[in-house]
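K.L.:
Here you go, this is final.tsv (TSV, C-alpha atoms and all ligand atoms).
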chain	number	residue	atom	x	y	z
A	23	MET	CA	4.10	-5.36	-0.24
A	24	PRO	CA	0.47	-4.40	0.22
A	25	GLU	CA	-0.85	-2.82	-2.98
A	26	LEU	CA	-3.71	-0.39	-3.54
A	27	PRO	CA	-6.54	-2.80	-2.54
A	28	GLU	CA	-4.75	-3.96	0.62
A	29	VAL	CA	-3.83	-0.42	1.72
A	30	GLU	CA	-7.37	0.74	0.98
A	31	THR	CA	-8.67	-2.07	3.21
A	32	ILE	CA	-6.37	-0.99	6.04
A	33	ARG	CA	-7.42	2.62	5.49
A	34	ARG	CA	-11.11	1.86	5.78
A	35	ASP	CA	-10.70	-0.23	8.91
A	36	LEU	CA	-8.43	2.26	10.65
A	37	ALA	CA	-10.59	5.24	9.70
A	38	ALA	CA	-13.52	3.68	11.52
A	39	SER	CA	-11.49	3.55	14.76
A	40	LEU	CA	-8.91	6.33	14.58
A	41	VAL	CA	-10.85	9.39	13.47
A	42	ASN	CA	-11.08	12.00	16.24
A	43	ARG	CA	-8.78	10.04	18.53
A	44	LYS	CA	-6.31	12.24	20.39
A	45	ILE	CA	-2.65	11.23	20.62
A	46	ILE	CA	-1.60	11.60	24.25
A	47	SER	CA	1.92	10.21	24.02
A	48	LEU	CA	4.32	8.41	21.69
A	49	ASN	CA	7.15	5.94	21.99
A	50	VAL	CA	9.60	6.01	19.10
A	51	LEU	CA	11.70	2.86	19.37
A	52	SER	CA	13.38	3.28	15.98
A	53	PRO	CA	14.47	6.83	15.12
A	54	LYS	CA	15.13	5.73	11.51
A	55	SER	CA	11.42	5.02	11.01
A	56	VAL	CA	10.24	8.59	11.66
A	57	SER	CA	10.95	12.01	10.22
A	58	PRO	CA	11.85	14.84	10.37
A	59	SER	CA	13.30	13.85	13.79
A	60	VAL	CA	12.15	12.01	16.89
A	61	ALA	CA	11.85	15.25	18.88
A	62	LEU	CA	9.86	17.08	16.20
A	63	PHE	CA	7.77	13.98	15.52
A	64	CYS	CA	6.70	13.69	19.15
A	65	SER	CA	6.22	17.38	19.86
A	66	ALA	CA	4.13	17.88	16.72
A	67	LEU	CA	1.86	14.89	17.32
A	68	VAL	CA	1.16	14.88	21.04
A	69	GLY	CA	-2.16	16.57	21.73
A	70	ARG	CA	-3.36	16.36	18.12
A	71	GLN	CA	-6.30	14.35	16.84
A	72	ILE	CA	-6.41	12.29	13.67
A	73	LYS	CA	-9.13	13.93	11.60
A	74	THR	CA	-9.19	11.79	8.47
A	75	VAL	CA	-7.45	8.68	7.19
A	76	ALA	CA	-6.85	9.04	3.46
A	77	ARG	CA	-4.76	7.18	0.92
A	78	ARG	CA	-2.85	7.88	-2.30
A	79	GLY	CA	-1.53	4.82	-4.08
A	80	LYS	CA	0.07	2.72	-1.34
A	81	LEU	CA	0.57	5.71	0.97
A	82	LEU	CA	-1.63	6.32	4.02
A	83	MET	CA	-2.24	9.94	4.98
A	84	PHE	CA	-3.51	10.87	8.45
A	85	LYS	CA	-4.77	14.43	8.54
A	86	LEU	CA	-4.05	16.07	11.89
A	87	SER	CA	-6.26	18.46	13.83
A	88	LEU	CA	-5.50	22.18	13.74
A	89	VAL	CA	-3.09	23.59	16.25
A	90	SER	CA	-3.76	26.48	18.61
A	91	PRO	CA	-3.47	30.00	17.12
A	92	LYS	CA	-0.76	30.68	19.71
A	93	LEU	CA	1.42	27.87	18.40
A	94	LYS	CA	0.76	28.99	14.87
A	95	LYS	CA	2.08	32.45	15.68
A	96	SER	CA	5.21	31.02	17.31
A	97	GLY	CA	6.82	30.59	13.91
A	98	GLN	CA	7.56	26.90	14.16
A	99	THR	CA	6.62	24.53	11.34
A	100	ILE	CA	3.07	23.28	11.64
A	101	TYR	CA	2.72	19.80	10.25
A	102	ASP	CA	-0.67	19.02	8.75
A	103	TYR	CA	-0.30	15.36	7.85
A	104	LEU	CA	1.30	12.18	9.05
A	105	LEU	CA	2.22	10.02	6.06
A	106	ILE	CA	2.70	6.27	6.58
A	107	HIS	CA	4.20	3.90	4.03
A	108	LEU	CA	4.33	0.23	4.99
A	109	LYS	CA	6.79	-0.69	2.22
A	110	MET	CA	7.87	-4.35	2.31
A	111	THR	CA	7.30	-5.39	5.91
A	112	GLY	CA	5.33	-2.70	7.73
A	113	GLN	CA	2.31	-3.46	9.88
A	114	LEU	CA	-0.21	-1.28	11.67
A	115	ILE	CA	-1.98	-2.79	14.65
A	116	TYR	CA	-4.62	-0.92	16.59
A	117	LEU	CA	-5.75	-2.09	20.01
A	118	ASP	CA	-8.95	-0.81	21.56
A	119	GLY	CA	-9.81	-2.83	24.64
A	120	THR	CA	-10.51	-6.27	23.28
A	121	LYS	CA	-10.80	-5.07	19.66
A	122	LYS	CA	-7.77	-5.50	17.44
A	123	ILE	CA	-7.31	-4.13	13.95
A	124	ALA	CA	-4.19	-5.22	12.12
A	125	GLY	CA	-2.97	-4.75	8.58
A	126	GLY	CA	0.15	-5.16	6.51
A	127	HIS	CA	2.91	-7.65	6.37
A	128	SER	CA	2.78	-11.08	7.99
A	129	LEU	CA	6.06	-12.31	9.36
A	130	SER	CA	5.33	-15.94	8.61
A	131	LYS	CA	8.06	-16.45	6.01
A	132	THR	CA	10.87	-14.82	7.88
A	133	ASP	CA	9.89	-15.26	11.49
A	134	THR	CA	9.05	-18.66	12.84
A	135	THR	CA	6.78	-17.10	15.42
A	136	GLY	CA	4.58	-16.08	12.51
A	137	PHE	CA	1.96	-13.45	12.11
A	138	GLN	CA	-0.05	-14.65	15.08
A	139	ALA	CA	2.85	-13.85	17.34
A	140	ALA	CA	3.43	-10.51	15.64
A	141	VAL	CA	-0.19	-9.49	15.74
A	142	GLY	CA	-1.80	-11.90	18.14
A	143	GLY	CA	1.03	-11.94	20.66
A	144	GLU	CA	2.30	-9.39	23.09
A	145	LEU	CA	2.81	-5.84	21.91
A	146	PRO	CA	5.14	-4.12	21.58
A	147	ASN	CA	7.32	-6.87	20.14
A	148	LYS	CA	10.85	-6.87	18.76
A	149	HIS	CA	9.69	-5.38	15.45
A	150	THR	CA	7.71	-2.52	16.99
A	151	ARG	CA	9.16	0.81	15.84
A	152	VAL	CA	6.58	3.35	16.99
A	153	VAL	CA	3.73	3.23	19.51
A	154	PHE	CA	0.93	5.81	19.54
A	155	ASN	CA	-1.00	6.10	22.80
A	156	PHE	CA	-4.51	7.49	22.54
A	157	SER	CA	-6.92	8.43	25.27
A	158	GLY	CA	-8.75	5.55	26.92
A	159	GLY	CA	-5.72	3.24	26.70
A	160	ARG	CA	-6.07	2.75	22.96
A	161	GLN	CA	-2.83	2.12	21.08
A	162	LEU	CA	-1.56	2.00	17.52
A	163	PHE	CA	1.62	0.02	16.86
A	164	PHE	CA	3.83	0.38	13.82
A	165	ASN	CA	5.88	-2.77	13.38
A	166	ASP	CA	8.46	-3.14	10.62
A	167	LEU	CA	10.85	-6.05	10.34
A	168	ARG	CA	13.16	-4.58	7.71
A	169	LYS	CA	12.68	-0.87	8.47
A	170	PHE	CA	11.96	0.24	4.91
A	171	GLY	CA	8.61	1.69	5.97
A	172	TYR	CA	8.31	5.24	7.23
A	173	LEU	CA	6.21	7.68	9.22
A	174	LYS	CA	6.73	11.20	7.98
A	175	LEU	CA	5.29	14.50	9.11
A	176	VAL	CA	4.63	17.00	6.35
A	177	THR	CA	2.98	20.35	5.82
A	178	GLU	CA	0.15	20.55	3.33
A	179	VAL	CA	2.49	22.20	0.81
A	180	GLU	CA	5.04	19.40	1.22
A	181	ARG	CA	2.32	16.78	0.88
A	182	GLN	CA	1.07	18.30	-2.36
A	183	GLY	CA	4.60	18.44	-3.75
A	184	LEU	CA	5.39	14.89	-2.75
A	185	LEU	CA	2.21	13.56	-4.35
A	186	ALA	CA	2.72	15.58	-7.52
A	187	ARG	CA	6.30	14.33	-7.90
A	188	ASN	CA	5.89	10.70	-6.97
A	189	TYR	CA	2.34	9.56	-7.60
A	190	GLY	CA	0.79	9.14	-11.02
A	191	PRO	CA	-2.92	8.75	-11.64
A	192	GLU	CA	-4.44	5.80	-9.85
A	193	PRO	CA	-6.97	3.21	-10.97
A	194	LEU	CA	-10.66	3.91	-10.33
A	195	THR	CA	-10.20	7.68	-10.51
A	196	SER	CA	-11.07	10.06	-13.34
A	197	GLU	CA	-7.38	10.91	-13.79
A	198	PHE	CA	-6.75	7.33	-14.83
A	199	SER	CA	-8.26	7.11	-18.30
A	200	VAL	CA	-7.52	5.26	-21.53
A	201	SER	CA	-5.65	8.31	-22.78
A	202	ALA	CA	-3.71	8.63	-19.49
A	203	LEU	CA	-2.61	5.02	-19.84
A	204	ALA	CA	-1.71	5.60	-23.49
A	205	GLN	CA	0.40	8.55	-22.37
A	206	VAL	CA	2.22	6.34	-19.83
A	207	LEU	CA	3.15	3.86	-22.58
A	208	LYS	CA	3.80	6.30	-25.41
A	209	ASN	CA	7.36	6.37	-26.77
A	210	LYS	CA	8.53	4.10	-23.96
A	211	THR	CA	10.85	1.26	-24.81
A	212	ALA	CA	10.80	-0.07	-21.23
A	213	LYS	CA	8.83	-3.25	-20.67
A	214	VAL	CA	5.13	-2.77	-20.04
A	215	LYS	CA	5.43	-4.54	-16.67
A	216	ALA	CA	8.12	-2.08	-15.49
A	217	LEU	CA	6.02	0.87	-16.61
A	218	LEU	CA	2.92	-0.35	-14.77
A	219	LEU	CA	4.94	-0.88	-11.58
A	220	ASP	CA	6.35	2.65	-11.67
A	221	GLN	CA	4.39	4.58	-9.02
A	222	LYS	CA	5.23	7.89	-10.71
A	223	LEU	CA	3.41	6.72	-13.83
A	224	ILE	CA	0.49	4.87	-12.22
A	225	ALA	CA	0.05	4.79	-8.45
A	226	GLY	CA	-1.06	1.77	-6.47
A	227	LEU	CA	-0.23	-1.22	-8.65
A	228	GLY	CA	2.34	-3.76	-7.53
A	229	ASN	CA	3.49	-7.18	-8.60
A	230	ILE	CA	0.25	-9.09	-8.04
A	231	TYR	CA	-2.16	-6.76	-9.79
A	232	VAL	CA	0.22	-5.99	-12.66
A	233	ASP	CA	0.67	-9.71	-13.40
A	234	GLU	CA	-3.07	-10.30	-13.18
A	235	SER	CA	-3.91	-7.30	-15.35
A	236	LEU	CA	-1.44	-8.23	-18.10
A	237	TYR	CA	-2.81	-11.77	-18.14
A	238	ALA	CA	-6.40	-10.53	-18.33
A	239	ALA	CA	-5.43	-8.21	-21.18
A	240	GLY	CA	-3.50	-10.96	-23.02
A	241	ILE	CA	-0.30	-8.90	-23.08
A	242	ASP	CA	3.20	-10.33	-22.66
A	243	PRO	CA	4.81	-8.49	-19.70
A	244	ARG	CA	8.10	-8.13	-21.63
A	245	ARG	CA	6.67	-6.08	-24.48
A	246	PRO	CA	7.94	-2.52	-24.82
A	247	GLY	CA	5.40	0.06	-23.72
A	248	ASP	CA	5.25	1.68	-27.14
A	249	SER	CA	4.36	-1.61	-28.87
A	250	LEU	CA	0.85	-1.74	-27.43
A	251	LYS	CA	-1.92	-1.06	-29.95
A	252	PRO	CA	-4.85	1.24	-29.08
A	253	LEU	CA	-7.21	-1.71	-28.61
A	254	GLU	CA	-4.76	-3.42	-26.28
A	255	ILE	CA	-4.37	-0.24	-24.23
A	256	LYS	CA	-8.12	0.05	-23.92
A	257	LYS	CA	-8.41	-3.57	-22.82
A	258	LEU	CA	-5.58	-3.13	-20.31
A	259	TYR	CA	-7.25	-0.03	-18.89
A	260	LEU	CA	-10.55	-1.86	-18.44
A	261	VAL	CA	-9.05	-4.93	-16.77
A	262	ILE	CA	-6.88	-2.90	-14.38
A	263	ASN	CA	-9.95	-1.08	-13.08
A	264	LYS	CA	-11.99	-4.26	-12.95
A	265	ILE	CA	-9.35	-6.22	-11.04
A	266	ILE	CA	-8.62	-3.42	-8.56
A	267	ARG	CA	-12.35	-2.93	-7.94
A	268	GLN	CA	-12.87	-6.66	-7.32
A	269	ALA	CA	-9.82	-6.84	-5.06
A	270	ILE	CA	-10.97	-3.91	-2.90
A	271	LYS	CA	-14.38	-5.54	-2.59
A	272	ARG	CA	-12.71	-8.70	-1.36
A	273	ARG	CA	-10.39	-6.86	1.05
A	274	GLY	CA	-7.28	-7.65	-0.97
A	275	THR	CA	-5.41	-10.81	-1.77
A	276	THR	CA	-4.43	-13.66	0.47
A	277	PHE	CA	-0.84	-14.67	0.36
A	278	SER	CA	1.70	-15.51	2.95
A	279	ASP	CA	2.89	-12.02	3.70
A	280	TYR	CA	-0.26	-9.97	3.76
A	281	VAL	CA	-3.20	-9.91	6.12
A	282	ASP	CA	-5.77	-7.18	6.35
A	283	SER	CA	-6.42	-4.75	9.14
A	284	ARG	CA	-8.72	-7.07	11.02
A	285	GLY	CA	-5.98	-9.69	11.02
A	286	ARG	CA	-7.76	-11.68	8.33
A	287	SER	CA	-6.32	-12.57	5.00
A	288	GLY	CA	-7.98	-10.95	2.04
A	289	ASN	CA	-9.98	-13.22	-0.18
A	290	PHE	CA	-9.08	-12.11	-3.69
A	291	SER	CA	-6.73	-15.10	-3.90
A	292	ARG	CA	-9.35	-17.38	-5.38
A	293	LEU	CA	-9.59	-14.99	-8.31
A	294	LEU	CA	-5.87	-14.98	-9.06
A	295	LYS	CA	-5.21	-16.45	-12.50
A	296	VAL	CA	-1.42	-16.30	-12.73
A	297	TYR	CA	0.13	-14.73	-9.62
A	298	GLY	CA	1.69	-17.43	-7.44
A	299	ARG	CA	0.36	-20.14	-9.80
A	300	ASP	CA	3.59	-20.96	-11.64
A	301	GLY	CA	3.69	-24.64	-12.54
A	302	GLU	CA	-0.11	-24.85	-12.50
A	303	LYS	CA	-2.30	-24.95	-15.57
A	304	CYS	CA	-3.65	-21.79	-17.19
A	305	VAL	CA	-7.41	-21.69	-16.54
A	306	ASN	CA	-7.94	-20.52	-20.10
A	307	CYS	CA	-5.72	-22.75	-22.26
A	308	GLY	CA	-4.24	-25.44	-20.02
A	309	SER	CA	-0.60	-24.46	-20.67
A	310	LEU	CA	1.68	-24.25	-17.67
A	311	ILE	CA	1.93	-20.84	-16.00
A	312	LEU	CA	5.54	-19.71	-16.13
A	313	LYS	CA	7.53	-17.59	-13.71
A	314	ILE	CA	10.30	-15.44	-15.13
A	315	LYS	CA	12.10	-12.30	-14.09
A	316	VAL	CA	10.92	-9.05	-15.65
A	317	ALA	CA	11.96	-5.62	-14.39
A	318	GLY	CA	13.75	-7.41	-11.55
A	319	ARG	CA	10.53	-8.94	-10.27
A	320	GLY	CA	9.19	-12.48	-10.29
A	321	THR	CA	6.63	-12.42	-13.09
A	322	HIS	CA	3.87	-14.93	-13.68
A	323	TYR	CA	2.40	-15.35	-17.14
A	324	CYS	CA	0.95	-17.71	-19.76
A	325	GLN	CA	3.04	-17.82	-22.91
A	326	HIS	CA	0.07	-19.04	-24.91
A	327	CYS	CA	-2.50	-16.47	-23.77
A	328	GLN	CA	-0.21	-13.45	-23.53
A	329	LYS	CA	1.30	-12.13	-26.75
B	1	ZN	ZN	-3.15	-19.64	-21.15
Now that the file is in, can you turn its structure into C-alpha cells?
P.N.:
Amino acid sequence: MPELPEVETIRRDLAASLVNRKIISLNVLSPKSVSPSVALFCSALVGRQIKTVARRGKLLMFKLSLVSPKLKKSGQTIYDYLLIHLKMTGQLIYLDGTKKIAGGHSLSKTDTTGFQAAVGGELPNKHTRVVFNFSGGRQLFFNDLRKFGYLKLVTEVERQGLLARNYGPEPLTSEFSVSALAQVLKNKTAKVKALLLDQKLIAGLGNIYVDESLYAAGIDPRRPGDSLKPLEIKKLYLVINKIIRQAIKRRGTTFSDYVDSRGRSGNFSRLLKVYGRDGEKCVNCGSLILKIKVAGRGTHYCQHCQK
C-alpha cells in the first residue's frame, strides 16, 4: 500500500494537472468503488471543477468547486469533497494528450501483464473502476484490482468528522510532537509496531516506514508501547520525521507494487536498511536481517541493533 510519502508524491503530481479541470462526464464501472451511490456520485460531480488536491495520511482529498446558488436552495446534499483511498491495489492514471501521470499499485506480482500493461497499455483496462472525463479529452482513471479502494463524496462536515475519528496526528506537522508520540504509547500494552501502524493514532505510516523507523531508533518492534523510555520516544520521533522527509524528497520507495504518479518508481529504496532486506546483512552490525510476523504484518528487523 502506498504510504504517506507515496501518496504525497501522487498528490503533488496530480495537483499540477487537475486543479481547475472541469468534470464533464463519468463512467462508473464498479458501483462498489463509489459512494454514496452511482447516481449521486455522477450527478454531484458532473460540471464541477477540482479546486485543490489535498492529503491527510494516506487519503487524497479533492476539493470541489462551489455549486450554483439555485442548486444550493434546492435542498439536496451538496458534497464539498471527493475522498480517494487507494488501499492495497488502487491506481490513479491521468492522461492529458501525450502526458501520462500514474501513481499507486503496480500489478506486476499478481498480473503477468505487469504495470506497463496496466499503466502503459490501453485504458480503460479490466481493473478500471471509474473514469473521469475532463474538458479537452483529458481523463483520470481509477483502477483497482482488489476493490478495497474507494471514492467517496462527503460534505465538509462529514469530512471533518471522518478525519477527527480516523486520523491521528501525522509526521512533519506540529500536531505530531514528542509528547503526542508519548501519548500514543502511554499505558499501551500493544506492540509498538501495531501502535505505529494504527492510523487513528498516527496517520500516514505503513509497514515500510514503521520498520525503518524502529530500526533507526534501535527499538524491537515487539516491545509493548508503554515500555519505551522517554529518550527512546524522542529518538523514535526524530527518526520518523527524518525518514518521512527523506522519502518524500525521493518520491517514495521503490518496490514491486508501487510506482509514483509519473509511472516511475520512487527512489527511497536505496536508503532502506531493513525493509525487504531479510536474509541480508545489517549495514550497522553485520547480523542477518530477520523477517517475522508482528501485528499480523511481515516485519523486518535486526535482533542485534534493536532492543
Ligand atoms: Zn544490526
K.L.:
Enclose stretch 198-216 of chain A, meaning all of its atoms listed in the file, in a box aligned along x, y and z, pad it by 6 Å on each side, and list the centre and edge lengths in Å to one decimal, as JSON.
P.N.:
{"center_x": 1.3, "center_y": 2.0, "center_z": -20.8, "size_x": 31.1, "size_y": 25.2, "size_z": 23.9}
K.L.:
Nearest to ligand ZN 1 (chain B): which of A:Ser196, A:Asn306, A:Thr150, A:Thr321 is it, counting only C-alpha atoms and all ligand atoms?
P.N.:
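Closest to ligand ZN 1 (chain B), using only C-alpha atoms and all ligand atoms: A:Asn306.
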K.L.:
Could you please extract the residues within 8 Å of ligand ZN 1 (chain B), counting all atoms listed in the file, and hand them back as a list in words?
P.N.:
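Going residue by residue within 8 Å of ligand ZN 1 (chain B), we get Lys303, Cys304, Val305, Asn306, Cys307, Gly308, Ser309, Leu310, Ile311, Cys324, Gln325, His326, Cys327 and Gln328 of chain A.
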K.L.:
Give me the residues near A:Leu82 as a PyMOL selection string, where near means some atom within 7 Å (using only C-alpha atoms) and where sequence neighbours in that chain fewer than 2 positions away do not count.
P.N.:
chain A and resi 76-78+80+84+105-107
K.L.:
Residues at most 10 Å from stretch 159-162 of chain A, counting only C-alpha atoms, excluding those fewer than 3 positions away in the same chain, as JSON, numbers by chain?
P.N.:
{"A": [36, 39, 40, 43, 44, 45, 46, 47, 48, 114, 115, 116, 117, 118, 119, 121, 122, 123, 124, 145, 146, 152, 153, 154, 155, 156, 165]}
K.L.:
Tell me, in Å to one decimal, how far atom CA of A:Ile230 is from atom CA of A:Gly298.
P.N.:
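Between atom CA of A:Ile230 and atom CA of A:Gly298 the gap is 8.5 Å.
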K.L.:
To one decimal place in Å, what is the distance between atom CA of A:Asp35 and atom CA of A:Phe63?
P.N.:
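According to the coordinates, atom CA of A:Asp35 and atom CA of A:Phe63 are separated by 24.2 Å.
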K.L.:
Tell me, in Å to one decimal, how far atom CA of A:Thr99 is from atom CA of A:Ser57.
P.N.:
13.3 Å
K.L.:
Might you pull out every residue within 12 Å of A:Ser199, with all atoms listed in the file counted and same-chain residues fewer than 3 positions away left off, and present them as a ChimeraX atom specification?
P.N.:
/A:190-196,202-206,224,255-260,262-263
K.L.:
What residues have an atom no more than 8 Å from (-11.8, 9.5, 14.5) in the file's own frame, counting all atoms listed in the file, and can you write them as a compact mmCIF listing (two decimals) with C-alpha atoms, in the coordinates of the input?
P.N.:
# COMPACT_ATOMS: atom_id res chain seq x y z
CA ALA A 37 -10.59 5.24 9.70
CA ALA A 38 -13.52 3.68 11.52
CA SER A 39 -11.49 3.55 14.76
CA LEU A 40 -8.91 6.33 14.58
CA VAL A 41 -10.85 9.39 13.47
CA ASN A 42 -11.08 12.00 16.24
CA ARG A 43 -8.78 10.04 18.53
CA GLN A 71 -6.30 14.35 16.84
CA ILE A 72 -6.41 12.29 13.67
CA LYS A 73 -9.13 13.93 11.60
CA THR A 74 -9.19 11.79 8.47
K.L.:
A:Arg168, A:Gly97, A:Val29, A:Ser55: which is nearest A:Met110, counting only C-alpha atoms?
P.N.:
A:Arg168
